[in-house]
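Novice: What follows is input-v2.txt; its format and atoms are compact mmCIF, C-alpha atoms.
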```
# COMPACT_ATOMS: atom_id res chain seq x y z
CA MET A 1 13.80 25.46 -19.28
CA GLN A 2 12.12 22.13 -19.92
CA ARG A 3 9.24 22.17 -22.35
CA LYS A 4 5.88 21.14 -20.92
CA ARG A 5 4.34 18.52 -23.14
CA LEU A 6 0.81 17.11 -23.07
CA GLN A 7 1.65 14.54 -20.39
CA ASN A 8 3.11 17.24 -18.12
CA LYS A 9 0.16 19.60 -18.58
CA ILE A 10 -2.23 16.78 -17.64
CA ALA A 11 -0.11 15.48 -14.76
CA GLU A 12 0.32 18.93 -13.21
CA SER A 13 -3.25 20.10 -13.75
CA ARG A 14 -5.22 21.02 -10.65
CA TRP A 15 -8.35 19.90 -12.50
CA LEU A 16 -7.14 16.39 -13.23
CA LEU A 17 -9.27 14.61 -10.62
CA ALA A 18 -12.26 16.79 -11.51
CA PHE A 19 -12.07 15.38 -15.04
CA VAL A 20 -11.26 11.79 -14.08
CA VAL A 21 -13.46 11.07 -11.05
CA PRO A 22 -16.96 11.86 -12.47
CA PRO A 23 -16.73 9.67 -15.62
CA MET A 24 -15.07 6.78 -13.76
CA PHE A 25 -17.68 6.71 -11.02
CA ALA A 26 -20.43 7.22 -13.60
CA LEU A 27 -19.10 4.04 -15.21
CA TRP A 28 -19.24 2.19 -11.88
CA ALA A 29 -22.77 3.49 -11.25
CA PHE A 30 -23.84 2.43 -14.74
CA MET A 31 -22.48 -1.08 -14.14
CA ALA A 32 -24.11 -1.24 -10.70
CA TYR A 33 -27.46 -0.49 -12.34
CA PHE A 34 -27.20 -3.80 -14.18
CA ASP A 35 -25.44 -5.73 -11.41
CA HIS A 36 -26.32 -4.74 -7.84
CA SER A 37 -23.39 -6.78 -6.47
CA ILE A 38 -21.14 -3.94 -7.71
CA LEU A 39 -22.56 -1.47 -5.16
CA LEU A 40 -20.38 -2.51 -2.21
CA PRO A 41 -17.15 -2.67 -4.28
CA THR A 42 -18.02 0.84 -5.52
CA PHE A 43 -17.99 2.19 -1.95
CA CYS A 44 -14.70 0.36 -1.36
CA LEU A 45 -13.27 2.06 -4.45
CA LEU A 46 -14.40 5.48 -3.20
CA PHE A 47 -12.59 4.97 0.08
CA SER A 48 -9.58 3.43 -1.70
CA ASN A 49 -9.24 6.46 -3.95
CA TYR A 50 -9.44 8.78 -0.92
CA LEU A 51 -6.69 6.79 0.83
CA MET A 52 -4.61 6.92 -2.35
CA MET A 53 -4.85 10.72 -2.28
CA GLU A 54 -3.79 10.74 1.37
CA LEU A 55 -0.92 8.38 0.62
CA ASN A 56 0.39 10.72 -2.05
CA ASN A 57 -0.16 13.93 -0.09
CA ALA A 58 1.31 12.69 3.19
CA ASN A 59 4.45 11.24 1.63
CA ALA A 60 5.10 13.53 -1.37
CA LEU A 61 5.45 10.54 -3.67
CA ILE A 62 5.88 12.92 -6.60
CA ARG A 63 8.15 15.89 -5.94
CA ILE A 64 5.92 18.33 -7.84
CA TYR A 65 2.25 19.14 -7.40
CA SER A 66 0.35 16.34 -9.12
CA ARG A 67 -2.79 14.29 -8.60
CA MET A 68 -1.50 11.66 -11.01
CA VAL A 69 -1.14 8.89 -8.39
CA SER A 70 -4.82 8.80 -7.42
CA ALA A 71 -6.02 9.50 -10.97
CA THR A 72 -3.90 6.66 -12.35
CA PHE A 73 -5.13 4.30 -9.65
CA LEU A 74 -8.77 5.13 -10.41
CA ILE A 75 -8.32 4.62 -14.15
CA LEU A 76 -6.42 1.35 -13.77
CA SER A 77 -9.05 0.06 -11.34
CA SER A 78 -11.89 1.02 -13.69
CA ILE A 79 -10.47 -0.66 -16.78
CA ALA A 80 -11.02 -4.15 -15.33
CA ILE A 81 -14.81 -4.14 -15.71
CA PHE A 82 -14.90 -7.95 -15.62
CA GLN A 83 -14.07 -7.89 -11.88
CA PHE A 84 -16.16 -4.98 -10.65
CA SER A 85 -18.40 -7.34 -8.70
CA SER A 86 -15.52 -9.01 -6.83
CA LEU A 87 -15.77 -8.00 -3.18
CA ALA A 88 -12.57 -9.96 -2.41
CA LEU A 89 -10.65 -7.81 -4.91
CA SER A 90 -12.08 -4.61 -3.40
CA ILE A 91 -11.15 -5.64 0.15
CA VAL A 92 -7.61 -6.71 -0.78
CA THR A 93 -7.11 -3.47 -2.74
CA LEU A 94 -8.41 -1.31 0.12
CA CYS A 95 -6.30 -3.18 2.69
CA CYS A 96 -3.19 -2.88 0.49
CA ILE A 97 -3.56 0.91 0.33
CA GLY A 98 -4.29 1.00 4.06
CA TYR A 99 -1.11 -0.98 4.70
CA TYR A 100 1.02 1.47 2.68
CA THR A 101 -0.64 4.49 4.32
CA CYS A 102 0.00 3.24 7.87
CA LEU A 103 3.42 1.72 7.19
CA PHE A 104 4.94 4.87 5.71
CA ARG A 105 4.03 6.79 8.87
CA CYS A 106 6.53 4.59 10.73
CA TYR A 107 9.53 5.96 8.84
CA GLN A 108 12.52 6.31 11.18
CA ASP A 109 10.24 6.13 14.22
CA PRO A 110 11.12 3.20 16.52
CA ASN A 111 8.17 4.13 18.76
CA SER A 112 5.51 3.85 16.06
CA GLN A 113 4.05 0.58 17.30
CA GLY A 114 0.52 1.91 16.84
CA TRP A 115 0.98 2.51 13.10
CA VAL A 116 2.73 -0.87 12.73
CA PHE A 117 -0.30 -2.48 14.38
CA TYR A 118 -2.70 -0.77 11.97
CA ALA A 119 -0.55 -1.64 8.95
CA PHE A 120 -0.51 -5.33 9.80
CA LEU A 121 -4.16 -5.20 10.82
CA CYS A 122 -4.83 -4.38 7.15
CA VAL A 123 -2.79 -7.42 6.13
CA GLY A 124 -4.71 -9.59 8.60
CA LEU A 125 -8.05 -8.34 7.28
CA SER A 126 -7.06 -9.03 3.68
CA SER A 127 -5.94 -12.55 4.65
CA ILE A 128 -9.47 -13.30 5.91
CA VAL A 129 -10.74 -13.09 2.33
CA TRP A 130 -7.48 -14.27 0.71
CA VAL A 131 -5.31 -16.28 3.06
CA GLN A 132 -2.32 -16.24 0.66
CA ALA A 133 -1.75 -12.62 1.71
CA LEU A 134 0.15 -14.14 4.64
CA TYR A 135 2.92 -15.20 2.20
CA PHE A 136 3.97 -11.54 2.06
CA VAL A 137 4.38 -11.13 5.83
CA PRO A 138 8.12 -12.08 6.03
CA PHE A 139 8.88 -9.48 3.37
CA LEU A 140 6.80 -6.88 5.21
CA TRP A 141 8.93 -7.43 8.32
CA ILE A 142 12.04 -6.94 6.19
CA PHE A 143 10.63 -3.62 4.93
CA LEU A 144 10.20 -2.46 8.52
CA ARG A 145 13.94 -3.00 9.03
CA THR A 146 15.46 -1.95 5.71
CA ASN A 147 13.10 0.65 4.23
CA LEU A 148 11.22 2.09 7.20
CA LEU A 149 14.09 1.84 9.71
CA ALA A 150 11.55 1.18 12.47
CA PHE A 151 11.97 -2.50 13.32
CA ASN A 152 12.44 -3.60 16.92
CA PHE A 153 10.95 -6.17 19.26
CA LYS A 154 8.00 -3.94 20.18
CA SER A 155 7.11 -3.27 16.54
CA TRP A 156 7.39 -6.99 15.77
CA VAL A 157 4.97 -7.82 18.59
CA SER A 158 2.65 -5.05 17.34
CA SER A 159 2.71 -6.60 13.86
CA LEU A 160 1.79 -10.02 15.28
CA LEU A 161 -1.10 -8.51 17.22
CA GLY A 162 -2.29 -6.71 14.10
CA LEU A 163 -2.30 -9.98 12.17
CA LEU A 164 -4.08 -11.91 14.95
CA VAL A 165 -6.86 -9.47 15.88
CA PRO A 166 -9.00 -10.16 12.75
CA TYR A 167 -8.69 -13.89 13.41
CA VAL A 168 -9.88 -13.48 16.99
CA PHE A 169 -13.19 -12.07 15.72
CA TYR A 170 -13.32 -14.48 12.79
CA THR A 171 -12.79 -17.46 15.10
CA ALA A 172 -15.47 -16.21 17.51
CA TYR A 173 -17.88 -15.87 14.60
CA LEU A 174 -17.15 -19.42 13.38
CA VAL A 175 -17.57 -20.83 16.89
CA TYR A 176 -20.90 -19.04 17.16
CA ARG A 177 -21.96 -20.53 13.81
CA GLN A 178 -20.56 -23.93 14.84
CA SER A 179 -18.36 -23.94 11.72
CA PHE A 180 -14.90 -24.15 13.27
CA ASP A 181 -13.81 -26.58 10.53
CA ARG A 182 -13.95 -23.60 8.13
CA LEU A 183 -11.01 -22.03 9.99
CA ILE A 184 -8.95 -25.19 9.48
CA ALA A 185 -9.90 -25.28 5.81
CA HIS A 186 -8.99 -21.59 5.56
CA PHE A 187 -5.37 -22.18 6.61
CA THR A 188 -5.17 -25.45 4.68
CA ARG A 189 -5.41 -23.41 1.49
CA LEU A 190 -1.94 -22.03 2.22
CA GLY A 191 -0.52 -25.38 1.11
CA GLU A 192 -2.66 -25.76 -2.00
CA PHE A 193 -0.99 -25.05 -5.34
CA SER A 194 -2.13 -25.65 -8.88
CA ASP A 195 0.01 -26.45 -11.93
CA LEU A 196 2.66 -23.83 -12.59
CA ALA A 197 1.72 -21.15 -15.12
CA ASP A 198 -1.61 -22.76 -16.01
CA TYR A 199 -3.36 -19.86 -17.74
CA THR A 200 -6.40 -21.84 -18.87
CA CYS A 201 -8.26 -20.46 -15.83
CA LEU A 202 -7.93 -16.89 -17.14
CA SER A 203 -10.14 -15.19 -19.69
CA VAL A 204 -8.90 -13.18 -22.65
CA ALA A 205 -9.94 -9.96 -20.88
CA GLN A 206 -7.89 -10.90 -17.81
CA LEU A 207 -4.83 -11.75 -19.90
CA LEU A 208 -5.09 -8.45 -21.78
CA TYR A 209 -5.43 -6.47 -18.56
CA PHE A 210 -2.49 -8.22 -16.95
CA SER A 211 -0.36 -7.57 -20.06
CA PHE A 212 -1.31 -3.89 -19.94
CA ILE A 213 -0.61 -3.39 -16.24
CA PHE A 214 2.60 -5.41 -16.48
CA LEU A 215 3.76 -3.02 -19.20
CA CYS A 216 2.90 -0.04 -16.98
CA ALA A 217 4.77 -1.62 -14.05
CA PHE A 218 7.82 -2.32 -16.22
CA ILE A 219 7.92 1.23 -17.62
CA GLY A 220 7.38 2.83 -14.19
CA THR A 221 9.98 0.64 -12.45
CA THR A 222 12.61 1.12 -15.16
CA HIS A 223 12.07 4.89 -15.13
CA PHE A 224 12.35 5.16 -11.35
CA LEU A 225 15.50 3.04 -11.15
CA ARG A 226 17.13 5.29 -13.75
CA GLN A 227 15.98 8.60 -12.25
CA GLN A 228 15.83 7.87 -8.51
CA ARG A 229 18.89 10.03 -7.80
CA ASN A 230 16.62 13.06 -8.25
CA ASP A 231 14.37 12.00 -5.37
CA SER A 232 15.04 12.12 -1.64
CA ILE A 233 16.30 9.05 0.20
CA ARG A 234 12.94 8.77 1.95
CA THR A 235 11.06 8.66 -1.35
CA ARG A 236 13.49 6.09 -2.77
CA LEU A 237 12.91 3.81 0.22
CA PHE A 238 9.13 4.10 -0.17
CA TYR A 239 9.28 3.34 -3.88
CA GLY A 240 11.52 0.40 -3.04
CA VAL A 241 8.58 -1.05 -1.10
CA PHE A 242 6.24 -0.49 -4.08
CA MET A 243 8.65 -2.11 -6.52
CA THR A 244 9.44 -5.11 -4.33
CA ILE A 245 5.82 -5.94 -3.50
CA ASN A 246 4.87 -5.38 -7.14
CA THR A 247 7.61 -7.74 -8.35
CA LEU A 248 6.64 -10.42 -5.81
CA ALA A 249 2.95 -10.15 -6.75
CA ILE A 250 3.71 -10.36 -10.49
CA ILE A 251 5.92 -13.44 -10.02
CA PHE A 252 3.24 -15.00 -7.81
CA LEU A 253 0.58 -14.35 -10.46
CA ILE A 254 2.72 -15.73 -13.29
CA LEU A 255 3.38 -18.94 -11.33
CA GLN A 256 -0.09 -19.35 -9.77
CA PRO A 257 -2.60 -17.52 -12.02
CA GLN A 258 -5.61 -18.96 -10.13
CA HIS A 259 -5.00 -16.12 -7.63
CA PHE A 260 -5.41 -13.51 -10.38
CA ILE A 261 -8.24 -11.53 -8.77
CA PRO A 262 -6.63 -10.63 -5.40
CA LEU A 263 -3.12 -10.33 -6.85
CA ILE A 264 -4.21 -7.92 -9.56
CA GLY A 265 -5.49 -5.62 -6.82
CA VAL A 266 -2.05 -5.58 -5.15
CA ILE A 267 -0.37 -5.00 -8.53
CA THR A 268 -2.75 -2.17 -9.44
CA VAL A 269 -2.11 -0.33 -6.16
CA SER A 270 1.68 -0.78 -6.36
CA THR A 271 1.91 0.12 -10.05
CA SER A 272 -0.07 3.36 -9.79
CA PRO A 273 2.66 5.44 -8.04
CA LEU A 274 5.34 4.02 -10.37
CA ILE A 275 3.63 4.87 -13.65
CA ALA A 276 2.35 8.18 -12.20
CA HIS A 277 5.96 9.12 -11.36
CA PHE A 278 6.88 8.40 -14.98
CA PHE A 279 4.01 10.49 -16.38
CA ALA A 280 4.63 13.48 -14.10
CA LEU A 281 8.42 13.71 -14.16
CA THR A 282 9.48 12.95 -17.73
CA HIS A 283 9.54 15.61 -20.44
CA THR A 284 10.94 14.11 -23.64
CA ARG A 285 9.20 13.66 -26.95
CA GLY A 286 9.58 9.88 -26.65
CA THR A 287 7.96 9.68 -23.21
CA ASN A 288 5.12 11.91 -24.41
CA ILE A 289 4.47 9.40 -27.20
CA VAL A 290 4.55 6.55 -24.65
CA PHE A 291 2.02 8.48 -22.53
CA LYS A 292 -0.34 8.82 -25.50
CA ILE A 293 0.03 5.14 -26.41
CA ILE A 294 -0.71 4.03 -22.83
CA THR A 295 -3.70 6.39 -22.63
CA LEU A 296 -5.17 5.16 -25.93
CA SER A 297 -4.50 1.55 -24.93
CA ALA A 298 -6.31 2.09 -21.62
CA LEU A 299 -9.32 3.58 -23.43
CA ALA A 300 -9.34 0.74 -25.96
CA LEU A 301 -9.14 -1.87 -23.20
CA LEU A 302 -11.92 -0.13 -21.28
CA ALA A 303 -14.13 -0.08 -24.39
CA TYR A 304 -13.39 -3.77 -25.08
CA ASN A 305 -14.23 -4.85 -21.52
CA LEU A 306 -17.41 -2.75 -21.53
CA TRP A 307 -18.47 -4.31 -24.84
CA ILE A 308 -17.83 -7.81 -23.47
CA PHE A 309 -19.86 -7.05 -20.34
CA LEU A 310 -22.84 -5.63 -22.25
CA THR A 311 -22.72 -8.50 -24.77
CA ASN A 312 -22.81 -11.10 -22.01
CA PHE A 313 -25.47 -9.23 -20.04
CA PHE A 314 -27.89 -8.72 -22.92
```
Can you turn what I pasted into structure tokens?

Specialist:
Amino acid sequence: MQRKRLQNKIAESRWLLAFVVPPMFALWAFMAYFDHSILLPTFCLLFSNYLMMELNNANALIRIYSRMVSATFLILSSIAIFQFSSLALSIVTLCCIGYYTCLFRCYQDPNSQGWVFYAFLCVGLSSIVWVQALYFVPFLWIFLRTNLLAFNFKSWVSSLLGLLVPYVFYTAYLVYRQSFDRLIAHFTRLGEFSDLADYTCLSVAQLLYFSFIFLCAFIGTTHFLRQQRNDSIRTRLFYGVFMTINTLAIIFLILQPQHFIPLIGVITVSTSPLIAHFFALTHTRGTNIVFKIITLSALALLAYNLWIFLTNFF
């Protein structure tokens, strides 16, 4: 019988979210008291965390009872205090989770055009605030064929409609405001690139957070690739989507760091199930030490970012 270590007791606890949610949202409320622009992103985070719970429950991302996926997502999202006020980040994060939630419902269902539409509607909505989200679309079509086994002509048309619907309303709004040139400028940004790997645009806090979440992504991905034989084929295919999008987003961020804010939302969402899988389904003394190091590092990073915020504010 495998020994339950600290990480397993926490990961399998039915009280995990009860201990994580109140302090994290108290932190967001505390920050919103000083900066009212954080209020709307806070509501987005509430809905995002609910969708993350649904994503885990509906797809059994972890083969034992665990709330680690949503708890990990909430903690990772709350560490980056320096971007709490970014509505673009909140929208991209929410749409990314919405995409996963809708897409996974299409598994092995060639008649799931409705869910395909909703999944790509999320992508279209996120591209309104960050047009570079459209770069991922070809890969999302590939996922429909290789990982979801639900690609056909009807689903492809549904995906196009999902992408276009937000732009129909956006275009109507711009015509009403007599600002149609903004739509042209919006798509022009697809061809704009800065110098490769120019990290001068990032703060120390952003670099530290990216290093931390990159480490979590590396540990979670390595663990899953080594232990995936223990999961069902369906779960492996779903985690394949997480790992591929995560890898693409990390490469994108490394090459074009000026897109840090929206990309870090995609990376946070995609990393959460990977590192949660590692926390919940490993039992060795070494992995327990890694769990403690990651936990202490997260708390230290949270304290550092909070100190920076309060220092700048006061």

Novice: Give me, as JSON lines, each residue of region 65-125 of chain A that comes within 12 Å of region 288-295 of chain A, together with its shortest interatomic pair and the distance in Å at one decimal, counting only C-alpha atoms, with rows ordered by chain and rising residue number.

Specialist:
```
{"residue": "A:Thr72", "atom": "CA", "partner": "A:Thr295", "partner_atom": "CA", "distance": 10.3}
{"residue": "A:Ile75", "atom": "CA", "partner": "A:Thr295", "partner_atom": "CA", "distance": 9.8}
{"residue": "A:Leu76", "atom": "CA", "partner": "A:Thr295", "partner_atom": "CA", "distance": 10.5}
{"residue": "A:Ile79", "atom": "CA", "partner": "A:Thr295", "partner_atom": "CA", "distance": 11.4}
```

Novice: What's around Tyr50 (chain A) at 12 Å? Count all atoms listed in the file, leave out sequence neighbours fewer than 2 positions away in its own chain, and write the answer as a ChimeraX atom specification.

Specialist: /A:17,21,43-48,52-57,67,69-71,73-74,94,97-98,101

Novice: Please provide the set of residues having any atom within 7 Å of Ala197 (chain A), restricted to only C-alpha atoms, with same-chain residues fewer than 6 positions apart removed, written as a list in words.

Specialist: Ile254, Leu255, Gln256 and Pro257 of chain A

Novice: Between A:Gln228, A:Thr42, A:Ser211, A:Thr247, which one has atoms that come closest to Phe136 (chain A), using only C-alpha atoms?

Specialist: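 Going through A:Gln228, A:Thr42, A:Ser211, A:Thr247 one by one, the smallest distance to Phe136 (chain A) is for A:Thr247.
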
Novice: For a quick check of understanding, using only C-alpha atoms, which of A:Tyr173, A:Phe278, A:Phe212, A:Trp28 has the smallest distance to Phe224 (chain A)?

Specialist: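 Using only C-alpha atoms, Phe224 (chain A) sits closest to A:Phe278.
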
Novice: Report as a list of chain:residue names all protein, DNA and RNA residues lying within 10 Å of Ser127 (chain A), evaluated on all atoms listed in the file, omitting residues in the same chain fewer than 4 positions from it.

Specialist: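 Here the qualifying residues turn out to be A:Ile91, A:Val92, A:Cys95, A:Leu121, A:Cys122, A:Val123, A:Val131, A:Gln132, A:Ala133, A:Leu134, A:Tyr135, A:Leu163, A:Pro166, A:Tyr167, A:His186, A:Phe187.
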